[in-house]
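Data from upload.txt: compact mmCIF, C-alpha atoms and all ligand atoms
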```
# COMPACT_ATOMS: atom_id res chain seq x y z
CA MET H 1 -25.81 9.93 0.24
CA ASN H 2 -26.77 10.85 -3.28
CA PHE H 3 -24.39 10.29 -6.15
CA THR H 4 -26.87 10.27 -9.05
CA GLY H 5 -25.91 12.65 -11.84
CA ARG H 6 -22.74 13.86 -10.11
CA ASP H 7 -19.40 14.33 -11.82
CA PHE H 8 -16.21 12.69 -10.60
CA LEU H 9 -13.63 15.40 -11.27
CA ARG H 10 -11.38 15.39 -8.20
CA ILE H 11 -11.11 13.58 -4.88
CA LEU H 12 -11.67 16.76 -2.87
CA ASP H 13 -15.21 17.10 -4.30
CA PHE H 14 -16.29 14.12 -2.18
CA SER H 15 -16.72 13.64 1.54
CA GLU H 16 -14.92 10.98 3.56
CA GLU H 17 -18.18 9.01 3.81
CA GLU H 18 -18.80 9.20 0.08
CA LEU H 19 -15.29 7.98 -0.75
CA ARG H 20 -15.68 5.16 1.77
CA TYR H 21 -18.97 4.19 0.12
CA MET H 22 -17.23 4.14 -3.29
CA LEU H 23 -14.59 1.77 -1.92
CA GLU H 24 -17.26 -0.51 -0.41
CA THR H 25 -19.18 -0.53 -3.70
CA ALA H 26 -15.98 -1.43 -5.56
CA LYS H 27 -15.40 -4.32 -3.15
CA SER H 28 -18.90 -5.65 -3.86
CA PHE H 29 -18.35 -5.40 -7.60
CA LYS H 30 -15.01 -7.19 -7.31
CA GLN H 31 -16.73 -9.99 -5.44
CA MET H 32 -19.46 -10.20 -8.08
CA LYS H 33 -16.90 -10.32 -10.85
CA LYS H 34 -14.87 -13.03 -9.13
CA THR H 35 -17.94 -15.18 -8.48
CA GLY H 36 -19.32 -14.68 -11.98
CA LYS H 37 -22.46 -12.90 -10.75
CA ASN H 38 -24.18 -10.98 -13.52
CA HIS H 39 -24.34 -7.24 -12.86
CA LYS H 40 -25.49 -5.88 -16.20
CA VAL H 41 -27.69 -3.31 -14.52
CA PHE H 42 -27.62 -0.69 -17.29
CA PRO H 43 -28.62 -2.47 -20.52
CA ASN H 44 -30.11 0.76 -21.93
CA LYS H 45 -27.20 3.07 -21.20
CA ASN H 46 -24.22 4.15 -23.30
CA ILE H 47 -21.05 5.99 -22.38
CA ALA H 48 -18.39 7.87 -24.35
CA ILE H 49 -14.75 7.73 -23.27
CA LEU H 50 -12.55 10.55 -24.61
CA PHE H 51 -8.78 10.27 -24.65
CA GLU H 52 -6.54 13.17 -25.66
CA LYS H 53 -3.58 11.31 -24.11
CA THR H 54 -2.68 7.64 -24.50
CA SER H 55 -3.81 5.02 -22.00
CA THR H 56 -3.90 1.28 -21.35
CA ARG H 57 -5.31 0.81 -17.82
CA THR H 58 -7.78 3.69 -17.71
CA ARG H 59 -9.22 3.07 -21.15
CA CYS H 60 -9.52 -0.69 -20.64
CA SER H 61 -10.97 -0.24 -17.15
CA PHE H 62 -13.70 2.10 -18.40
CA GLU H 63 -14.45 -0.23 -21.31
CA VAL H 64 -14.57 -3.46 -19.30
CA ALA H 65 -16.47 -1.83 -16.43
CA GLY H 66 -18.93 -0.39 -18.94
CA TYR H 67 -19.50 -3.76 -20.61
CA ASP H 68 -19.80 -5.52 -17.25
CA LEU H 69 -22.57 -3.07 -16.33
CA GLY H 70 -24.31 -3.89 -19.60
CA MET H 71 -23.58 -0.57 -21.30
CA GLY H 72 -22.49 0.37 -24.80
CA VAL H 73 -19.07 2.07 -24.85
CA THR H 74 -17.65 4.41 -27.54
CA TYR H 75 -13.93 5.19 -27.47
CA LEU H 76 -12.83 8.47 -29.05
CA ASP H 77 -9.32 9.79 -29.51
CA PRO H 78 -8.33 13.00 -31.27
CA THR H 79 -7.33 11.15 -34.44
CA GLY H 80 -10.72 9.46 -34.73
CA SER H 81 -12.98 12.40 -33.86
CA GLN H 82 -13.34 16.17 -34.39
CA MET H 83 -12.51 16.81 -30.73
CA GLY H 84 -9.96 19.53 -30.12
CA HIS H 85 -8.82 20.29 -33.66
CA LYS H 86 -12.14 20.87 -35.44
CA GLU H 87 -14.66 21.11 -32.60
CA SER H 88 -14.24 22.70 -29.19
CA ILE H 89 -14.56 20.66 -26.03
CA ALA H 90 -17.67 22.65 -25.07
CA ASP H 91 -19.39 21.78 -28.37
CA THR H 92 -18.23 18.16 -28.17
CA ALA H 93 -19.70 17.95 -24.66
CA ARG H 94 -23.04 19.32 -25.77
CA VAL H 95 -23.24 16.79 -28.60
CA LEU H 96 -22.20 13.81 -26.49
CA ASP H 97 -24.58 14.88 -23.74
CA ARG H 98 -27.50 14.30 -26.17
CA LEU H 99 -26.32 10.79 -27.09
CA TYR H 100 -24.70 9.32 -23.99
CA ASP H 101 -25.49 8.74 -20.33
CA GLY H 102 -21.95 9.47 -19.12
CA ILE H 103 -18.65 10.84 -20.41
CA GLU H 104 -15.08 10.03 -19.38
CA TYR H 105 -12.28 12.42 -20.29
CA ARG H 106 -8.47 12.07 -20.19
CA GLY H 107 -6.38 15.02 -21.27
CA PHE H 108 -4.46 18.11 -20.38
CA SER H 109 -5.68 20.99 -18.21
CA GLN H 110 -8.19 20.40 -15.45
CA SER H 111 -10.28 23.25 -16.89
CA ILE H 112 -11.16 21.05 -19.88
CA VAL H 113 -12.76 18.33 -17.79
CA ASP H 114 -14.38 21.00 -15.62
CA ASP H 115 -15.82 22.58 -18.79
CA LEU H 116 -17.06 19.25 -20.05
CA ALA H 117 -18.91 18.85 -16.79
CA LYS H 118 -20.25 22.40 -17.03
CA TYR H 119 -21.56 22.00 -20.58
CA SER H 120 -23.13 18.57 -20.20
CA ASP H 121 -25.86 17.35 -17.90
CA VAL H 122 -24.67 13.75 -17.73
CA PRO H 123 -21.96 12.63 -15.27
CA VAL H 124 -18.39 13.40 -16.37
CA TRP H 125 -15.52 11.28 -14.99
CA ASN H 126 -11.92 12.46 -14.87
CA GLY H 127 -9.62 9.82 -16.36
CA LEU H 128 -6.47 11.94 -15.69
CA THR H 129 -5.56 15.57 -16.23
CA ASP H 130 -2.30 17.44 -15.67
CA GLU H 131 -3.63 18.31 -12.21
CA CYS H 132 -5.03 15.06 -10.86
CA HIS H 133 -5.87 11.40 -11.39
CA PRO H 134 -8.75 10.67 -9.01
CA THR H 135 -9.77 7.21 -10.28
CA GLN H 136 -6.14 6.14 -9.77
CA ALA H 137 -6.18 7.18 -6.10
CA LEU H 138 -9.42 5.32 -5.51
CA GLY H 139 -8.02 2.09 -7.00
CA ASP H 140 -4.79 2.51 -5.03
CA PHE H 141 -6.58 2.90 -1.72
CA MET H 142 -8.65 -0.19 -2.46
CA THR H 143 -5.36 -2.05 -2.99
CA ILE H 144 -3.78 -0.69 0.20
CA GLU H 145 -6.82 -1.61 2.26
CA GLU H 146 -7.01 -5.10 0.75
CA HIS H 147 -3.40 -5.67 1.74
CA PHE H 148 -3.31 -4.20 5.25
CA GLY H 149 -6.96 -4.71 6.17
CA TYR H 150 -7.34 -1.05 7.17
CA LEU H 151 -6.29 2.46 6.11
CA LYS H 152 -6.41 4.87 9.08
CA GLY H 153 -2.98 5.47 10.60
CA LEU H 154 -0.94 3.99 7.75
CA THR H 155 1.78 6.12 6.14
CA LEU H 156 1.97 6.52 2.38
CA ALA H 157 5.16 8.03 0.94
CA PHE H 158 5.09 9.31 -2.62
CA VAL H 159 8.69 9.57 -3.82
CA GLY H 160 9.81 11.50 -6.91
CA ASP H 161 7.90 14.14 -8.86
CA THR H 162 5.70 15.08 -5.94
CA ARG H 163 3.77 17.80 -7.78
CA ASN H 164 2.35 15.52 -10.44
CA ASN H 165 -1.25 14.50 -10.99
CA VAL H 166 -1.01 11.13 -9.22
CA ALA H 167 0.72 12.63 -6.17
CA ASN H 168 -1.95 15.34 -5.90
CA SER H 169 -4.79 12.83 -5.85
CA LEU H 170 -2.97 10.55 -3.42
CA MET H 171 -2.43 13.48 -1.04
CA ALA H 172 -6.12 14.33 -1.18
CA MET H 173 -7.21 10.71 -0.71
CA SER H 174 -4.75 10.24 2.19
CA ALA H 175 -6.14 13.31 3.93
CA LYS H 176 -9.70 12.08 3.48
CA MET H 177 -8.93 8.56 4.71
CA GLY H 178 -6.76 9.51 7.71
CA VAL H 179 -3.58 8.17 6.12
CA ASN H 180 -0.30 10.02 6.81
CA PHE H 181 1.15 11.34 3.55
CA ILE H 182 4.81 12.05 2.88
CA ALA H 183 5.73 13.83 -0.36
CA CYS H 184 9.44 13.13 -0.78
CA GLY H 185 11.22 14.76 -3.69
CA PRO H 186 13.44 17.66 -4.74
CA SER H 187 12.38 21.15 -3.69
CA GLU H 188 12.00 22.08 -7.39
CA LEU H 189 9.17 19.52 -7.73
CA ARG H 190 7.20 20.15 -4.56
CA PRO H 191 3.39 19.97 -4.44
CA SER H 192 1.70 23.35 -4.91
CA GLU H 193 1.02 25.35 -1.76
CA GLU H 194 -2.61 25.50 -2.81
CA ILE H 195 -3.14 21.74 -2.74
CA VAL H 196 -1.21 21.36 0.53
CA ALA H 197 -3.28 24.13 2.11
CA LYS H 198 -6.48 22.39 1.04
CA CYS H 199 -5.42 18.93 2.23
CA LYS H 200 -3.76 19.76 5.57
CA PRO H 201 -6.91 20.73 7.49
CA ILE H 202 -8.71 17.67 6.14
CA ALA H 203 -5.85 15.43 7.26
CA GLU H 204 -5.82 17.08 10.69
CA LYS H 205 -9.54 16.52 11.07
CA ASN H 206 -9.04 12.85 10.22
CA GLY H 207 -6.06 12.42 12.55
CA SER H 208 -3.27 12.25 9.98
CA THR H 209 -0.36 14.38 8.81
CA ILE H 210 1.08 15.71 5.56
CA THR H 211 4.86 16.00 5.36
CA ILE H 212 6.72 17.65 2.50
CA THR H 213 10.40 16.76 2.46
CA SER H 214 13.46 16.31 0.26
CA ASP H 215 15.08 13.86 2.67
CA ILE H 216 14.60 10.16 1.88
CA ALA H 217 15.65 9.33 5.45
CA GLU H 218 12.17 10.52 6.50
CA LEU H 219 10.80 7.26 5.10
CA ASN H 220 12.94 5.10 7.35
CA GLY H 221 10.93 3.05 9.81
CA ARG H 222 7.89 5.07 8.84
CA ALA H 223 6.52 4.38 5.36
CA ASP H 224 4.02 1.52 5.04
CA VAL H 225 3.63 2.22 1.35
CA ILE H 226 6.31 3.55 -0.98
CA TYR H 227 4.77 4.86 -4.16
CA THR H 228 6.45 6.32 -7.20
CA ASP H 229 5.55 7.40 -10.73
CA VAL H 230 7.38 8.27 -13.94
CA TRP H 231 9.77 11.21 -13.81
CA LEU H 232 8.23 12.83 -16.88
CA SER H 233 4.48 12.76 -17.27
CA LEU H 234 2.35 12.53 -20.42
CA GLY H 235 2.36 15.85 -22.23
CA GLU H 236 5.65 17.10 -20.76
CA PRO H 237 8.38 17.85 -23.35
CA GLN H 238 10.90 15.08 -23.98
CA GLU H 239 13.70 17.70 -23.76
CA LYS H 240 13.12 17.77 -20.02
CA TRP H 241 14.46 14.25 -19.47
CA GLY H 242 17.99 15.46 -18.65
CA GLU H 243 16.85 17.99 -16.08
CA ARG H 244 14.42 15.51 -14.47
CA ILE H 245 17.00 12.75 -14.24
CA GLU H 246 19.40 15.12 -12.51
CA LEU H 247 16.73 16.14 -10.01
CA LEU H 248 15.24 12.72 -9.40
CA ARG H 249 17.93 10.05 -9.66
CA GLN H 250 18.57 10.15 -5.91
CA TYR H 251 14.85 9.44 -5.38
CA GLN H 252 14.86 6.16 -7.31
CA VAL H 253 13.01 3.49 -5.33
CA ASN H 254 15.48 0.67 -4.74
CA THR H 255 15.87 -2.29 -2.40
CA GLU H 256 17.88 -0.22 0.08
CA MET H 257 15.04 2.32 0.40
CA MET H 258 12.47 -0.45 0.83
CA LYS H 259 14.58 -2.18 3.51
CA ARG H 260 15.05 1.02 5.48
CA ALA H 261 11.31 1.60 5.61
CA LYS H 262 9.70 -1.38 7.36
CA ASP H 263 9.70 -5.16 6.84
CA SER H 264 6.04 -4.87 5.95
CA THR H 265 6.39 -1.97 3.48
CA ILE H 266 4.78 -2.46 0.09
CA PHE H 267 5.64 -0.87 -3.25
CA LEU H 268 3.04 0.78 -5.49
CA HIS H 269 3.20 2.46 -8.90
CA CYS H 270 0.31 3.68 -11.05
CA LEU H 271 2.08 2.31 -14.18
CA PRO H 272 3.33 2.44 -16.86
CA SER H 273 6.82 2.22 -15.38
CA PHE H 274 10.39 2.51 -16.63
CA HIS H 275 11.92 -0.31 -14.57
CA ASP H 276 13.86 -1.95 -17.43
CA LEU H 277 14.84 -1.33 -21.04
CA ASN H 278 11.83 -3.02 -22.63
CA THR H 279 10.19 0.15 -23.93
CA SER H 280 11.24 2.50 -26.72
CA ILE H 281 11.31 5.52 -24.39
CA ALA H 282 13.52 3.72 -21.86
CA LYS H 283 15.86 2.69 -24.67
CA ASP H 284 16.07 6.29 -25.96
CA VAL H 285 16.77 7.62 -22.46
CA ASN H 286 19.34 4.88 -21.94
CA LYS H 287 21.19 5.86 -25.12
CA VAL H 288 21.52 9.48 -24.01
CA PHE H 289 21.80 9.20 -20.21
CA GLY H 290 22.93 5.62 -19.64
CA LEU H 291 20.19 4.72 -17.12
CA GLU H 292 18.98 1.10 -17.21
CA GLU H 293 16.08 1.69 -14.83
CA MET H 294 14.53 4.94 -13.75
CA GLU H 295 12.00 5.72 -11.00
CA VAL H 296 12.15 2.15 -9.60
CA THR H 297 14.69 -0.63 -9.91
CA ASN H 298 13.64 -3.81 -11.65
CA GLU H 299 14.46 -5.68 -8.44
CA VAL H 300 11.83 -3.78 -6.43
CA PHE H 301 9.31 -3.78 -9.27
CA GLU H 302 9.49 -7.57 -9.59
CA SER H 303 9.72 -8.26 -5.84
CA ASP H 304 6.96 -9.73 -3.70
CA LYS H 305 6.60 -6.28 -2.07
CA SER H 306 5.28 -4.92 -5.35
CA LEU H 307 1.48 -4.87 -5.72
CA VAL H 308 1.42 -2.95 -8.97
CA PHE H 309 -0.74 -5.44 -10.87
CA ASP H 310 -3.30 -5.61 -8.05
CA GLN H 311 -3.49 -1.84 -8.39
CA ALA H 312 -4.03 -2.13 -12.14
CA GLU H 313 -6.88 -4.59 -11.61
CA ASN H 314 -8.50 -2.47 -8.92
CA ARG H 315 -8.71 0.46 -11.32
CA MET H 316 -11.50 -1.44 -13.07
CA HIS H 317 -13.47 -2.30 -9.94
CA THR H 318 -13.30 1.25 -8.57
CA ILE H 319 -14.13 2.86 -11.92
CA LYS H 320 -17.12 0.54 -12.12
CA ALA H 321 -18.23 1.73 -8.68
CA VAL H 322 -17.91 5.39 -9.66
CA MET H 323 -19.89 4.87 -12.87
CA PHE H 324 -22.54 2.78 -11.14
CA LEU H 325 -23.11 5.27 -8.32
CA THR H 326 -23.24 8.35 -10.52
CA LEU H 327 -25.40 6.77 -13.24
CA TYR H 328 -27.86 4.89 -11.06
CA LYS H 329 -31.44 6.21 -11.07
CA LYS H 330 -34.44 4.87 -9.17
CA GLU H 331 -35.94 3.51 -12.38
CA ASP H 332 -32.86 1.29 -12.92
CA LYS H 333 -33.59 -2.08 -11.40
N1 LIG L 1 -2.24 4.31 -14.44
C1 LIG L 1 -2.82 4.69 -15.58
O1 LIG L 1 -3.63 5.61 -15.64
O2 LIG L 1 -2.44 3.99 -16.67
P1 LIG L 1 -2.81 4.34 -18.18
O3 LIG L 1 -2.06 5.58 -18.54
O4 LIG L 1 -2.35 3.14 -18.96
O5 LIG L 1 -4.28 4.55 -18.27
N1 LIG L 2 1.98 11.04 -13.96
C1 LIG L 2 1.72 10.11 -15.05
C2 LIG L 2 0.63 9.17 -14.68
C3 LIG L 2 0.28 8.16 -15.72
C4 LIG L 2 -0.82 7.25 -15.31
C5 LIG L 2 1.37 10.89 -16.29
O1 LIG L 2 0.60 11.85 -16.20
O2 LIG L 2 1.86 10.54 -17.35
```
Please rewrite the model in this file as structure tokens.
Amino acid sequence: MNFTGRDFLRILDFSEEELRYMLETAKSFKQMKKTGKNHKVFPNKNIAILFEKTSTRTRCSFEVAGYDLGMGVTYLDPTGSQMGHKESIADTARVLDRLYDGIEYRGFSQSIVDDLAKYSDVPVWNGLTDECHPTQALGDFMTIEEHFGYLKGLTLAFVGDTRNNVANSLMAMSAKMGVNFIACGPSELRPSEEIVAKCKPIAEKNGSTITITSDIAELNGRADVIYTDVWLSLGEPQEKWGERIELLRQYQVNTEMMKRAKDSTIFLHCLPSFHDLNTSIAKDVNKVFGLEEMEVTNEVFESDKSLVFDQAENRMHTIKAVMFLTLYKKEDK
């Protein structure tokens, strides 16, 4: 297996064995972190992390993972750099490529991160695009495996906006890991036929299934993991809230849905989440539409079934693994 110099742009670019190796590497790094074992293996490397959309978990995970590996980290957003408004992504990539050993990018279309990878020789890591969120799926599968002790044969149900970036990466990761995947949401927000067509044969090969449904009863007695995400993603127009709420309110994850699944079912969410009124967006939506909680009830979010903060932590360990594997060269000790 050779990861050196490779980009991490989407889950489907990696084989089952490579993804498994990433998870094992993340586990080792988590152990090292917990036991205080120094792993500053890259004291002479620097990375740039580019954010065209806001972030807490992804940004902090790349920064902390970078520092833990001994690297220098530069954070750039559009307000603090020329990126996007005064300098194209291709030119930015070719500049950063001369200065840094790796580049992370979070932004809009997948073609931007693909272009960054094309125009730079150093590894480029996808920190979320409109199309996918591969580091999220890796962290989530680490969390699921930590909890159940295995992955193959489990059933993961993504409920809500099933054509969003997180759902796409979870479908791909499920197919690769032999996990059954249920996309449960309104027909208007179904995953693209293209992604389903790519994932189905992979799932079949690994002994799992992909189900696309609008019926929440399909989760009953079946889902080991119920996963949801915000109803309106970063970059989507705020005017769409009304339409989304209409489409998605029946897909809210609540205690009833959790109970009907299995006693052992866990709840996951990539975060941030609108489970109460403690954010300005939730307050604005509440004023207009009267909802006090959106994609998940506060009861489920705060319950002992909810592993959302384990997920958030595992983002860092898995991102560290991805950076380590793609940056490591023989001359690094
Ligand atoms: N889950 C996730 O990517 O969170 P951030 O948007 O805070 O990075
Ligand atoms: N689907 C969400 C994920 C955030 C981590 C978004 O793109 O905003």
Need the axis-aligned box for region 140-149 of chain H with 4 Å each side, so what are the centre and edges in Å to one decimal, as lines of an AutoDock Vina configuration file?
```
center_x = -6.0
center_y = -1.4
center_z = 0.6
size_x = 13.3
size_y = 16.6
size_z = 19.2
```
Item to complete: For Leu116 (chain H), list every protein, DNA or RNA residue within 7 Å, evaluated using only C-alpha atoms, and leave out those in the same chain fewer than 5 positions away; present the list as a PyMOL selection string.
Response: chain H and resi 89-90+93
Item to complete: Around ligand LIG 1 (chain L), at most 7 Å away and counting all atoms listed in the file, which residues are there? Put them as a VMD selection string, please.
Response: chain H and resid 54 to 59 128 136 270 to 272
Store the residues of this selection in a file with C-alpha atoms, as a PDB file, keeping the file's coordinate frame.
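And here's part27.pdb as it stands now:
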```pdb
ATOM      1  CA  THR H  54      -2.680   7.640 -24.500  1.00  0.00           C
ATOM      2  CA  SER H  55      -3.810   5.020 -22.000  1.00  0.00           C
ATOM      3  CA  THR H  56      -3.900   1.280 -21.350  1.00  0.00           C
ATOM      4  CA  ARG H  57      -5.310   0.810 -17.820  1.00  0.00           C
ATOM      5  CA  THR H  58      -7.780   3.690 -17.710  1.00  0.00           C
ATOM      6  CA  ARG H  59      -9.220   3.070 -21.150  1.00  0.00           C
ATOM      7  CA  LEU H 128      -6.470  11.940 -15.690  1.00  0.00           C
ATOM      8  CA  GLN H 136      -6.140   6.140  -9.770  1.00  0.00           C
ATOM      9  CA  CYS H 270       0.310   3.680 -11.050  1.00  0.00           C
ATOM     10  CA  LEU H 271       2.080   2.310 -14.180  1.00  0.00           C
ATOM     11  CA  PRO H 272       3.330   2.440 -16.860  1.00  0.00           C
TER      12      PRO H 272
END
```
Worksheet item: Which one is closest to Asp121 (chain H): H:Thr4, H:Ser192, H:Gln31, H:Thr162? Count only C-alpha atoms.
Response: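 Checking each candidate against Asp121 (chain H), we get H:Thr4 as the closest.
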Discussion item. So that I can check the surroundings of region 232-241 of chain H, please list as a list in words every protein, DNA and RNA residue that reaches within 9 Å of it, counting only C-alpha atoms and ignoring chain neighbours fewer than 3 positions away.
Written reply: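 With the cut-off at 9 Å, the set is Lys53, Thr54, Gly107, Phe108, Asp130, Asp161, Asn164, Asn165, Asp229, Arg244, Ile245, Glu246, Val285 and Phe289 of chain H.
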Discussion item. Residues near region 148-155 of chain H, anyone? I mean within 9 Å using all atoms listed in the file, not counting same-chain ones fewer than 2 positions away, as a list in words.
Written reply: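 My reading of the contact set: Phe141, Thr143, Ile144, Glu145, Glu146, Ala157, Ser174, Met177, Gly178, Val179, Asn180, Phe181, Ile182, Asn206, Gly207, Ser208, Thr209, Arg222, Ala223, Asp224, Val225 and Ile226 of chain H.
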Item to complete: Identify, on the basis of all atoms listed in the file, every residue whose closest approach to Ser187 (chain H) does not exceed 12 Å; exclude the query and any residue fewer than 5 positions from it along the same chain; express the result as a VMD selection string.
Response: chain H and resid 160 to 163 192 212 to 215 247 to 248
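You can rank H:Asp140, H:Asp276, H:Glu87, H:Glu18 by their closest distance to ligand LIG 2 (chain L) using all atoms listed in the file, and at the top of that list sits H:Asp140.
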Practice prompt. For Glu302 (chain H), please output as a PyMOL selection string all residues within 12 Å (counting all atoms listed in the file; exclusion window: fewer than 4 positions along the same chain).
Written response: chain H and resi 254-255+266-269+273+275-276+296-298+306-309
Got time to write the residues from that selection, C-alpha atoms, as a tab-separated table (two decimals), keeping the file's coordinate frame?
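Output contents, as saved in result-v1.tsv:
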```tsv
chain	number	residue	atom	x	y	z
H	254	ASN	CA	15.48	0.67	-4.74
H	255	THR	CA	15.87	-2.29	-2.40
H	266	ILE	CA	4.78	-2.46	0.09
H	267	PHE	CA	5.64	-0.87	-3.25
H	268	LEU	CA	3.04	0.78	-5.49
H	269	HIS	CA	3.20	2.46	-8.90
H	273	SER	CA	6.82	2.22	-15.38
H	275	HIS	CA	11.92	-0.31	-14.57
H	276	ASP	CA	13.86	-1.95	-17.43
H	296	VAL	CA	12.15	2.15	-9.60
H	297	THR	CA	14.69	-0.63	-9.91
H	298	ASN	CA	13.64	-3.81	-11.65
H	306	SER	CA	5.28	-4.92	-5.35
H	307	LEU	CA	1.48	-4.87	-5.72
H	308	VAL	CA	1.42	-2.95	-8.97
H	309	PHE	CA	-0.74	-5.44	-10.87
```
Discussion item. Between H:Ala167, H:Leu50, H:Leu9, H:Ala217, which residue has the minimum interatomic distance to ligand LIG 2 (chain L), considering only C-alpha atoms and all ligand atoms?
Written reply: H:Ala167
Worksheet item: How many Å separate CA of His317 (chain H) from atom C4 of ligand LIG 2 (chain L)?
Response: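 Atom C4 of ligand LIG 2 (chain L) lies 16.7 Å from CA of His317 (chain H).
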Worksheet item: Between H:Gly185, H:Gly102, H:Gly80, H:Gly36, which has the minimum distance to Asn126 (chain H) (counting only C-alpha atoms)?
Response: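 When distances to Asn126 (chain H) are compared using only C-alpha atoms, the smallest one comes from H:Gly102.
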Discussion item. Considering all atoms listed in the file, can you say which of H:Ala312, H:Ala117, H:Val166, H:Met257 comes closest to ligand LIG 2 (chain L)?
Written reply: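 Using all atoms listed in the file, the shortest distance to ligand LIG 2 (chain L) belongs to H:Val166.
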Practice prompt. Give the answer as one residue: which of H:Phe42, H:Phe51, H:Tyr227, H:Tyr251 has the shortest atom-to-atom distance to Asp68 (chain H), using all atoms listed in the file?
Written response: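 Of all the options, H:Phe42 lies closest to Asp68 (chain H).
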Practice prompt. Around the point (-4.2, 20.9, 7.6) in the file's coordinates, collect all residues with an atom within 12 Å, using all atoms listed in the file, and return them as a list in words.
Written response: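 Collected hits near the coordinates: Met171, Ala172, Ser174, Ala175, Lys176, Gly178, Asn180, Phe181, Glu193, Glu194, Ile195, Val196, Ala197, Lys198, Cys199, Lys200, Pro201, Ile202, Ala203, Glu204, Lys205, Asn206, Gly207, Ser208, Thr209, Ile210 and Thr211 of chain H.
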Export, as a PDB file, in the coordinates of the input, the selected residues with C-alpha atoms.
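What ended up in result-v4.pdb:
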```pdb
ATOM      1  CA  MET H 171      -2.430  13.480  -1.040  1.00  0.00           C
ATOM      2  CA  ALA H 172      -6.120  14.330  -1.180  1.00  0.00           C
ATOM      3  CA  SER H 174      -4.750  10.240   2.190  1.00  0.00           C
ATOM      4  CA  ALA H 175      -6.140  13.310   3.930  1.00  0.00           C
ATOM      5  CA  LYS H 176      -9.700  12.080   3.480  1.00  0.00           C
ATOM      6  CA  GLY H 178      -6.760   9.510   7.710  1.00  0.00           C
ATOM      7  CA  ASN H 180      -0.300  10.020   6.810  1.00  0.00           C
ATOM      8  CA  PHE H 181       1.150  11.340   3.550  1.00  0.00           C
ATOM      9  CA  GLU H 193       1.020  25.350  -1.760  1.00  0.00           C
ATOM     10  CA  GLU H 194      -2.610  25.500  -2.810  1.00  0.00           C
ATOM     11  CA  ILE H 195      -3.140  21.740  -2.740  1.00  0.00           C
ATOM     12  CA  VAL H 196      -1.210  21.360   0.530  1.00  0.00           C
ATOM     13  CA  ALA H 197      -3.280  24.130   2.110  1.00  0.00           C
ATOM     14  CA  LYS H 198      -6.480  22.390   1.040  1.00  0.00           C
ATOM     15  CA  CYS H 199      -5.420  18.930   2.230  1.00  0.00           C
ATOM     16  CA  LYS H 200      -3.760  19.760   5.570  1.00  0.00           C
ATOM     17  CA  PRO H 201      -6.910  20.730   7.490  1.00  0.00           C
ATOM     18  CA  ILE H 202      -8.710  17.670   6.140  1.00  0.00           C
ATOM     19  CA  ALA H 203      -5.850  15.430   7.260  1.00  0.00           C
ATOM     20  CA  GLU H 204      -5.820  17.080  10.690  1.00  0.00           C
ATOM     21  CA  LYS H 205      -9.540  16.520  11.070  1.00  0.00           C
ATOM     22  CA  ASN H 206      -9.040  12.850  10.220  1.00  0.00           C
ATOM     23  CA  GLY H 207      -6.060  12.420  12.550  1.00  0.00           C
ATOM     24  CA  SER H 208      -3.270  12.250   9.980  1.00  0.00           C
ATOM     25  CA  THR H 209      -0.360  14.380   8.810  1.00  0.00           C
ATOM     26  CA  ILE H 210       1.080  15.710   5.560  1.00  0.00           C
ATOM     27  CA  THR H 211       4.860  16.000   5.360  1.00  0.00           C
TER      28      THR H 211
END
```
Item to complete: Figure out the distance between CA of Tyr105 (chain H) and CA of Ser120 (chain H), please, to one decimal in Å.
Response: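 We find that CA of Ser120 (chain H) and CA of Tyr105 (chain H) lie 12.5 Å from each other.
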Worksheet entry | Atomic distance CA of Ala261 (chain H) - CA of Glu188 (chain H), expressed in Å with one decimal |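 Atom-to-atom, CA of Ala261 (chain H) to CA of Glu188 (chain H), that is 24.3 Å.
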Item to complete: Counting only C-alpha atoms, find the residues whose atoms lie at most 12 Å from (-21.4, 20.7, -14.5) (file coordinates) and write them out as a PyMOL selection string.
Response: chain H and resi 5-9+90+93-94+97+103+111-125
